[in-house]
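**Student:** One structure, as C-alpha cells, below. Some questions next.
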Amino acid sequence: MTSVLWFRRDLRLGDNPALLAARDAGGDGVLPLFVLDDALRRPSGAPRLAFLYRALRALDEAVGGRLVVLPGPPESVVPRVAEEVGASSVHVAADFGPYGRERDGRVEAALPGGVPLVRTGSPYAVAPGRVRKDDGTPLRVYTPFYRAWLRHGWRAPARSADVSVRWLTGVDSTGVPADPDLPAGLRLPEAGEAAALDRWAEFRDSAVGRYADHRDRPDLPGTSRLSVHLKYGTVHPRTLLADLSGRTGQGAETFRRELAWREFYADVLWHEPRSARECLNTRFAALELDSDQDRFAAWAEGRTGYPIVDAGMRQLRAEAWVHNRIRMIVASFLVKDLHLDWTVGAREFLRRLVDGDLASNNHGWQWVAGCGTDASPYHRVFNPVTQGRKFDPAGDYVRRYVPELRSVDGPAVHAPWELPDGPPEGYPARIVDHAAARAEALARYEKVRR
DNA sequence: TTTTGAGTTGTTCGA
DNA sequence: GTCGAACAACTCAAA
C-alpha cells in the first residue's frame, strides 16, 4: 500500500497529523507532493512566492530530496500522481479558505474510484467551524470567541518529527522554481521548518515576557515575526500553544490572544466566504468612496506627507513585512483620510506582504474600515501624528524608513510641517489635511449608519 | 423570550 | 499636562 501526501500550506514534518495519517495508510511508502497551482501563484506577489519556494526547498531537503513538485491544475496533477504510484489514498491538511475548499472538492471528484482524499488536521489549533455557541451558531465577536475557543481546547502536538517515513520516488518532478525577481535589496526571513522553530525559540525565551508591553512598538523588535511561518505552516500554532501552556504572565496570555485572532478570522471567513471580498456588514456597500488614483499612488509609494504612514508603506516595499500597529495606521489613512475602498488597500497588502493571509488581512482591513466584526465605533479615526508620538516615541521607526527626515531629531519627526525651519528638503507636503479628512469620513459614515 | 452587559487596538474637548 | 466624558448607538452573547 502506498499513499500520497499532498502538501499545501503545511510545509513541515513536525507536528503534522496528515503526515502520520499518510504513513499509516501507506506502509510501503509515502509520495510527498506539491502542486504549483497557477490560481494561487498568480495573485501572490514576488516576496510570498520566493518565500514559498524557499520553504519548499527546505522541505525537499527534509524528505531526502524526494519532494515531487509539479505545475498544473491540482484536479489533474493529483489524480495523475496518485495513479502513477498506485496510491490507495491521498492525504492533506484540510483547507478552509473559499478557494481551497472548492479546489479540494474538484480534486476529490477527479480522483480514481476508491481513492479518498483524506483530510487530517488543519492550519489551525481549532478547525474553523468548530467553536460554536451553545445553540450551535457561530460567534461574531472576538472576546466571546476567545473564551469559547479556550474552552474547546486543542490536541497536543503530533509527534511526527522523529517518525520515520519511507518516502517514495519514481515520479518525475519539475523541481522547485527559481526565485522570482525581487525588489532590489529585499531581504526575506529565512524559510523552512528549522528556521521557524529557531525564530520561535528565540521569541519564547527572550521577548514573550515583554510582549504585552512591546508588541505595539514598531521601533522595537518586540513581536514574534512568526506570521509568515504560520502562513505557510512551517510551524503549527498548536506547537506554539503547547509550548506556552503553563506559562502565566501577561506576555504569554497576550500572545495566545493574537494566535486566537488568526483562528477567529479564519472562522469568520469559513462561515461567510463572501467576506473575503466585501464588507461583512452589508450596510457599508452604500458608503460613499473616492477613487483618486494619484492619492492611492501617494499612499502606496509612501509620499503622503505623514511620516508614520510613509515610513510604513516604504517598509512594506523594502521588507515585505510591516508591524501590525503600522498596518492599522496606514490602513486607517487609506480608508478614513483618503476615503478609498478598503479592498484596494487589502489587495495592495496581499500583493506586497510576505505573510499575506486572506482571512487575517481582509478582516483586519474591515476592522479598520468599521465594516467587519467590530460592531460600532466608526468614529474611531487614527490620527497619524498622535499614533506616531505614542507608538514611536523617539521617532526612530520613521527615520529608519524615511531618509529625508533623518536630520530631524526626536519625536518632532512626526510633524515636520511644525518645525521652525519648515520640513526638510525633499520630503513631500501633506496630500490631505487630517482634521478635514477626519470630519469628511465621519460625515460619510454617519450617512451609512442611518 | 427578555433583559442586561459588554465590546483589541481611538480622538478630542473641556475641566 | 492630565483626566474623564462624549462620540452614538448597535449588535452580539449569555444569563
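Letters A, B, ... mark the chains of the C-alpha cells in the order given; residue numbers begin at 1 per chain; ligand numbers begin at 1, in order shown.
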What are the DSSP alpha helix (DSSP H) residues of stretch 194-271 of chain A, as a PyMOL selection string?

**Tutor:** chain A and resi 194-202+211-214+227-232+237-244+250-271

**Student:** Set the distance at 7 Å and use only C-alpha atoms (C1' of nucleotides): which residues neighbour stretch 1-11 of chain B once local chain neighbours fewer than 2 positions away are removed? I'd like the list as a PDB file with C-alpha atoms, in the first residue's frame.

**Tutor:**
```pdb
ATOM      1  CA  ARG A 380     -12.543  55.733  15.687  1.00  0.00           C
ATOM      2  CA  VAL A 381     -10.228  57.511  13.268  1.00  0.00           C
ATOM      3  CA  PHE A 382      -6.490  57.158  13.770  1.00  0.00           C
TER       4      PHE A 382
END
```

**Student:** Can you pull out the residues contacting A:Val176? Cut-off 7 Å, using only C-alpha atoms (C1' of nucleotides), and skip same-chain residues under 3 positions away; I want them as a count of residues only.

**Tutor:** 4

**Student:** Within 10 Å of A:Cys279, counting only C-alpha atoms (C1' of nucleotides), which residues qualify if same-chain residues fewer than 5 places away don't, as a PDB file with N, CA and C atoms, in the first residue's frame?

**Tutor:**
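What ended up in out-v1.pdb:
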```
ATOM      1  N   ARG A 274     -17.962  35.187   1.481  1.00  0.00           N
ATOM      2  CA  ARG A 274     -18.026  36.439   0.717  1.00  0.00           C
ATOM      3  C   ARG A 274     -17.275  37.576   1.431  1.00  0.00           C
ATOM      4  N   PHE A 284     -22.501  48.727   4.617  1.00  0.00           N
ATOM      5  CA  PHE A 284     -21.410  49.594   4.170  1.00  0.00           C
ATOM      6  C   PHE A 284     -21.218  49.584   2.652  1.00  0.00           C
ATOM      7  N   ALA A 285     -21.976  48.775   1.956  1.00  0.00           N
ATOM      8  CA  ALA A 285     -21.930  48.823   0.492  1.00  0.00           C
ATOM      9  C   ALA A 285     -22.338  50.218   0.023  1.00  0.00           C
ATOM     10  N   TRP A 342     -11.505  49.975   1.045  1.00  0.00           N
ATOM     11  CA  TRP A 342     -10.565  49.132   1.801  1.00  0.00           C
ATOM     12  C   TRP A 342     -10.073  47.958   0.963  1.00  0.00           C
ATOM     13  N   THR A 343     -10.886  47.488   0.010  1.00  0.00           N
ATOM     14  CA  THR A 343     -10.465  46.308  -0.764  1.00  0.00           C
ATOM     15  C   THR A 343      -9.243  46.627  -1.633  1.00  0.00           C
ATOM     16  N   ASN A 362      -7.798  40.569   5.222  1.00  0.00           N
ATOM     17  CA  ASN A 362      -9.018  41.244   4.792  1.00  0.00           C
ATOM     18  C   ASN A 362      -9.966  41.550   5.940  1.00  0.00           C
ATOM     19  N   HIS A 363      -9.943  40.742   6.973  1.00  0.00           N
ATOM     20  CA  HIS A 363     -10.769  41.081   8.127  1.00  0.00           C
ATOM     21  C   HIS A 363     -10.102  42.155   8.977  1.00  0.00           C
ATOM     22  N   TRP A 365      -8.454  44.605   7.673  1.00  0.00           N
ATOM     23  CA  TRP A 365      -8.849  45.823   6.946  1.00  0.00           C
ATOM     24  C   TRP A 365     -10.285  46.205   7.258  1.00  0.00           C
ATOM     25  N   GLN A 366     -11.149  45.219   7.363  1.00  0.00           N
ATOM     26  CA  GLN A 366     -12.550  45.534   7.672  1.00  0.00           C
ATOM     27  C   GLN A 366     -12.701  46.062   9.091  1.00  0.00           C
ATOM     28  N   TRP A 367     -11.834  45.607   9.962  1.00  0.00           N
ATOM     29  CA  TRP A 367     -11.874  46.169  11.312  1.00  0.00           C
ATOM     30  C   TRP A 367     -11.566  47.666  11.243  1.00  0.00           C
ATOM     31  N   ALA A 369     -11.877  49.613   8.613  1.00  0.00           N
ATOM     32  CA  ALA A 369     -12.942  50.292   7.864  1.00  0.00           C
ATOM     33  C   ALA A 369     -14.251  50.316   8.651  1.00  0.00           C
ATOM     34  N   GLY A 370     -14.311  49.562   9.731  1.00  0.00           N
ATOM     35  CA  GLY A 370     -15.504  49.580  10.570  1.00  0.00           C
ATOM     36  C   GLY A 370     -16.650  48.739  10.027  1.00  0.00           C
ATOM     37  N   CYS A 371     -16.371  47.922   9.016  1.00  0.00           N
ATOM     38  CA  CYS A 371     -17.476  47.174   8.394  1.00  0.00           C
ATOM     39  C   CYS A 371     -17.352  45.674   8.640  1.00  0.00           C
ATOM     40  N   GLY A 372     -16.477  45.301   9.572  1.00  0.00           N
ATOM     41  CA  GLY A 372     -16.266  43.879   9.825  1.00  0.00           C
ATOM     42  C   GLY A 372     -16.974  43.423  11.085  1.00  0.00           C
ATOM     43  N   THR A 373     -16.269  42.588  11.861  1.00  0.00           N
ATOM     44  CA  THR A 373     -16.892  42.005  13.043  1.00  0.00           C
ATOM     45  C   THR A 373     -17.038  43.004  14.185  1.00  0.00           C
TER      46      THR A 373
END
```

**Student:** I need the residue nearest chain C from this list: A:Arg132, A:Arg295, A:His339, A:Arg103. Use only C-alpha atoms (C1' of nucleotides) for the distance.

**Tutor:** A:Arg132

**Student:** As a list in words, please: the residues near C:DC3 (cut-off 10 Å, only C-alpha atoms (C1' of nucleotides), same-chain neighbours under 2 positions excluded).

**Tutor:**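 Neighbouring residues, sequence-local ones excluded: DA15 of chain B; DG1 and DA5 of chain C.
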
**Student:** Could you list, with a cut-off of 9 Å and counting only C-alpha atoms (C1' of nucleotides), the residues of chain C near chain A, each shown with its nearest atom pair and the distance in Å rounded to one decimal, rows sorted by chain and ascending number, as a tab-separated table?

**Tutor:**
```
residue	atom	partner	partner_atom	distance
C:DC7	C1'	A:His379	CA	6.8
C:DA8	C1'	A:Pro377	CA	8.4
C:DA9	C1'	A:Ser376	CA	7.9
C:DC10	C1'	A:Ser376	CA	6.4
C:DT11	C1'	A:Ala375	CA	6.3
C:DC12	C1'	A:Val141	CA	6.7
C:DA13	C1'	A:Pro144	CA	7.1
```

**Student:** Hey, can you spit out that residue selection with N, CA and C atoms (P, O5', C5', C4', C3', O3' and C1' of nucleotides) as an mmCIF file, in the first residue's frame?

**Tutor:**
```
data_model
loop_
_atom_site.group_PDB
_atom_site.id
_atom_site.type_symbol
_atom_site.label_atom_id
_atom_site.label_comp_id
_atom_site.auth_asym_id
_atom_site.auth_seq_id
_atom_site.Cartn_x
_atom_site.Cartn_y
_atom_site.Cartn_z
ATOM 1 P P DC C 7 -22.254 63.103 23.108
ATOM 2 O "O5'" DC C 7 -21.552 62.451 21.840
ATOM 3 C "C5'" DC C 7 -20.574 63.204 21.111
ATOM 4 C "C4'" DC C 7 -19.797 62.263 20.266
ATOM 5 C "C3'" DC C 7 -20.637 61.213 19.522
ATOM 6 O "O3'" DC C 7 -20.533 61.444 18.133
ATOM 7 C "C1'" DC C 7 -18.662 60.279 20.417
ATOM 8 P P DA C 8 -21.795 61.643 17.353
ATOM 9 O "O5'" DA C 8 -22.477 60.250 17.645
ATOM 10 C "C5'" DA C 8 -23.138 59.578 16.588
ATOM 11 C "C4'" DA C 8 -23.974 58.506 17.195
ATOM 12 C "C3'" DA C 8 -25.012 58.968 18.233
ATOM 13 O "O3'" DA C 8 -26.231 58.342 17.916
ATOM 14 C "C1'" DA C 8 -23.787 57.182 19.089
ATOM 15 P P DA C 9 -27.531 58.725 18.777
ATOM 16 O "O5'" DA C 9 -27.621 57.575 19.884
ATOM 17 C "C5'" DA C 9 -28.315 56.390 19.593
ATOM 18 C "C4'" DA C 9 -27.530 55.498 18.644
ATOM 19 C "C3'" DA C 9 -28.155 54.144 18.436
ATOM 20 O "O3'" DA C 9 -27.975 53.751 17.095
ATOM 21 C "C1'" DA C 9 -25.984 53.883 19.315
ATOM 22 P P DC C 10 -29.036 52.805 16.454
ATOM 23 O "O5'" DC C 10 -28.241 51.438 16.299
ATOM 24 C "C5'" DC C 10 -26.916 51.457 15.804
ATOM 25 C "C4'" DC C 10 -26.305 50.097 16.052
ATOM 26 C "C3'" DC C 10 -27.346 48.986 16.151
ATOM 27 O "O3'" DC C 10 -26.956 47.957 15.288
ATOM 28 C "C1'" DC C 10 -25.853 48.891 17.964
ATOM 29 P P DT C 11 -27.998 46.894 14.825
ATOM 30 O "O5'" DT C 11 -27.130 45.576 14.992
ATOM 31 C "C5'" DT C 11 -25.734 45.630 14.746
ATOM 32 C "C4'" DT C 11 -25.048 44.634 15.632
ATOM 33 C "C3'" DT C 11 -25.770 43.293 15.727
ATOM 34 O "O3'" DT C 11 -24.858 42.305 15.292
ATOM 35 C "C1'" DT C 11 -25.153 44.095 17.886
ATOM 36 P P DC C 12 -25.293 40.850 15.072
ATOM 37 O "O5'" DC C 12 -24.587 40.170 16.317
ATOM 38 C "C5'" DC C 12 -23.215 40.446 16.556
ATOM 39 C "C4'" DC C 12 -22.863 40.021 17.949
ATOM 40 C "C3'" DC C 12 -23.291 38.596 18.293
ATOM 41 O "O3'" DC C 12 -22.133 37.909 18.718
ATOM 42 C "C1'" DC C 12 -23.944 40.110 19.997
ATOM 43 P P DA C 13 -22.182 36.379 18.883
ATOM 44 O "O5'" DA C 13 -22.313 36.260 20.461
ATOM 45 C "C5'" DA C 13 -21.315 36.895 21.242
ATOM 46 C "C4'" DA C 13 -21.587 36.682 22.698
ATOM 47 C "C3'" DA C 13 -22.001 35.269 23.110
ATOM 48 O "O3'" DA C 13 -21.239 34.946 24.247
ATOM 49 C "C1'" DA C 13 -23.625 36.828 23.856
#
```

**Student:** Rounded to one decimal in Å, what is the spacing between atom CA of A:Ala436 and atom CA of A:Gly305?

**Tutor:**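 Between atom CA of A:Ala436 and atom CA of A:Gly305 the gap is 15.2 Å.
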
**Student:** So the first atom is atom CA of A:Leu353 and the second is atom CA of A:Asn383; what is the distance between them in Å, to one decimal place?

**Tutor:**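 According to the coordinates, atom CA of A:Leu353 and atom CA of A:Asn383 are separated by 23.9 Å.
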